[in-house]
Amino acid sequence: MAAKLVKGNSKFVRVAAAQYQFDQLETLDDWRLKIAQWVKDAADGGGDLLMFPEYAAIEQASALGTAVFGNLQSTLREVSRLEQERVDFHRELAVEHKVHILVGSGPSLGEDGKYYNQAHLISPSGSSGVQSKLMMTPFEVEWGICAGDRIQVFDTDLGRLGIAICYDIEFPLIARAMACSGVELILVPSCTERISGYHRVRTGAMARALENTIAVVSSPTVGEALWSPAVDMNCGAAGFYVPAEAGVSDTGILMQGEMDKPGWVLGEFDLAALEKTRKTGEMRNFTDWVRQPGESDMSPCHIDVINLRE
């Protein structure tokens, strides 16, 4: 089973983040062959944790005919029906290659008859957990995707992990709740159409790493999929982020992929160094959070409006 690589006082986690391009596939077997090859390549390259991006599951619709992939509601319905098979297939690969896999998220039909955007995390033993996206973008609201209402954190042999799906990482209280629950690394699967969207996610990821003295890694979709009304245009690059601290990273960026280039980006976090930085770093962002003016029940903020009008 994959585990943290310990060197002296260091604990390294090797993450392979996919810059994933959608293909228009003929059959679901073609999709399985593609995913199996991607997983093998990343595992052979040394990844302990393999990340696929938000809405990567939509690629399956391309193998189901024009009536499905050309219609948004049909895409959501049919890809949702494949959810369990899709997760089970990734489970087989995780066990075979002895890696953790964050399955590309996709629509999931809940017992309430509503769709949710869910990402499954699978361990090398085959055990799994799931996180629903919590903050819906305007286009997801138009699609009829609903927000989840629970934050899950995952104890693994790599450390305690959290998942913030795309837009979720732009809201500090979500990551804060994870960090206060002991999360050491937040996984951010993303799907953004424009470079502006990529930079929003990137900025959020860097800010959450700084605020909480933790590691954050993002995995995007890239390229065109003009056959799909859902994921036709995709822009981004994988990123590995930590707080900008001496001895950790001068910029807060450990590694970035090449913009819009399909493939894996492999990076490594030293979680022990980040834990030490929380206590002995240049700044104390994690512990000083409660000192912010306006923090509920901790430091009430009284706002005075000063009139400078003539």
# chains A, B, ... in the order shown; residues from 1 in each chain; ligands from 1
call {"tool": "residues_around", "arguments": {"residues": "region 258-263 of chain A", "least_positions_apart": "6", "cutoff": "7 Å", "atoms": "only C-alpha atoms", "output": "MDAnalysis selection string"}}
result
chainID A and resid 18:21 222:223 235:237
call {"tool": "write_last_selection", "arguments": {"atoms": "C-alpha atoms", "output": "mmCIF file, in the first residue's frame"}}
result
data_model
loop_
_atom_site.group_PDB
_atom_site.id
_atom_site.type_symbol
_atom_site.label_atom_id
_atom_site.label_comp_id
_atom_site.auth_asym_id
_atom_site.auth_seq_id
_atom_site.Cartn_x
_atom_site.Cartn_y
_atom_site.Cartn_z
ATOM 1 C CA ALA A 18 -3.831 15.387 -14.505
ATOM 2 C CA GLN A 19 -4.115 18.081 -17.108
ATOM 3 C CA TYR A 20 -6.873 16.073 -18.726
ATOM 4 C CA GLN A 21 -8.092 16.523 -22.292
ATOM 5 C CA VAL A 222 -7.727 21.301 -20.849
ATOM 6 C CA GLY A 223 -8.443 21.707 -24.545
ATOM 7 C CA CYS A 235 -8.376 26.057 -19.956
ATOM 8 C CA GLY A 236 -5.873 25.517 -17.163
ATOM 9 C CA ALA A 237 -2.697 24.114 -15.674
#
call {"tool": "residues_around", "arguments": {"residues": "Glu224 (chain A)", "least_positions_apart": "5", "cutoff": "8 Å", "atoms": "only C-alpha atoms", "output": "list of chain:residue names"}}
result
A:Gln21, A:Phe22, A:Val231, A:Asp232, A:Met233, A:Asn234
call {"tool": "atom_distance", "arguments": {"atom1": "CA of Val13 (chain A)", "atom2": "CA of Leu49 (chain A)"}}
result
7.8 Å
call {"tool": "select_by_dssp", "arguments": {"residues": "region 141-310 of chain A", "states": "helix (DSSP H, G or I)", "output": "VMD selection string"}}
result
chain A and resid 141 to 143 166 to 170 172 to 180 195 to 212 271 to 280 285 to 291
call {"tool": "closest_residue", "arguments": {"among": "A:Ala17, A:Ala61, A:Gln84, A:Ser228", "to": "Ala42 (chain A)", "atoms": "only C-alpha atoms"}}
result
A:Ala17
call {"tool": "closest_residue", "arguments": {"among": "A:Ala56, A:Ala215, A:Met206, A:Ala67", "to": "Ser190 (chain A)", "atoms": "only C-alpha atoms"}}
result
A:Ala56
call {"tool": "residues_around", "arguments": {"residues": "Ala179 (chain A)", "least_positions_apart": "6", "cutoff": "9 Å", "atoms": "only C-alpha atoms", "output": "VMD selection string"}}
result
chain A and resid 162 185 to 186 212 to 214 286
call {"tool": "closest_residue", "arguments": {"among": "A:Thr203, A:Thr66, A:Ser74, A:Asn117", "to": "Pro172 (chain A)", "atoms": "only C-alpha atoms"}}
result
A:Thr203
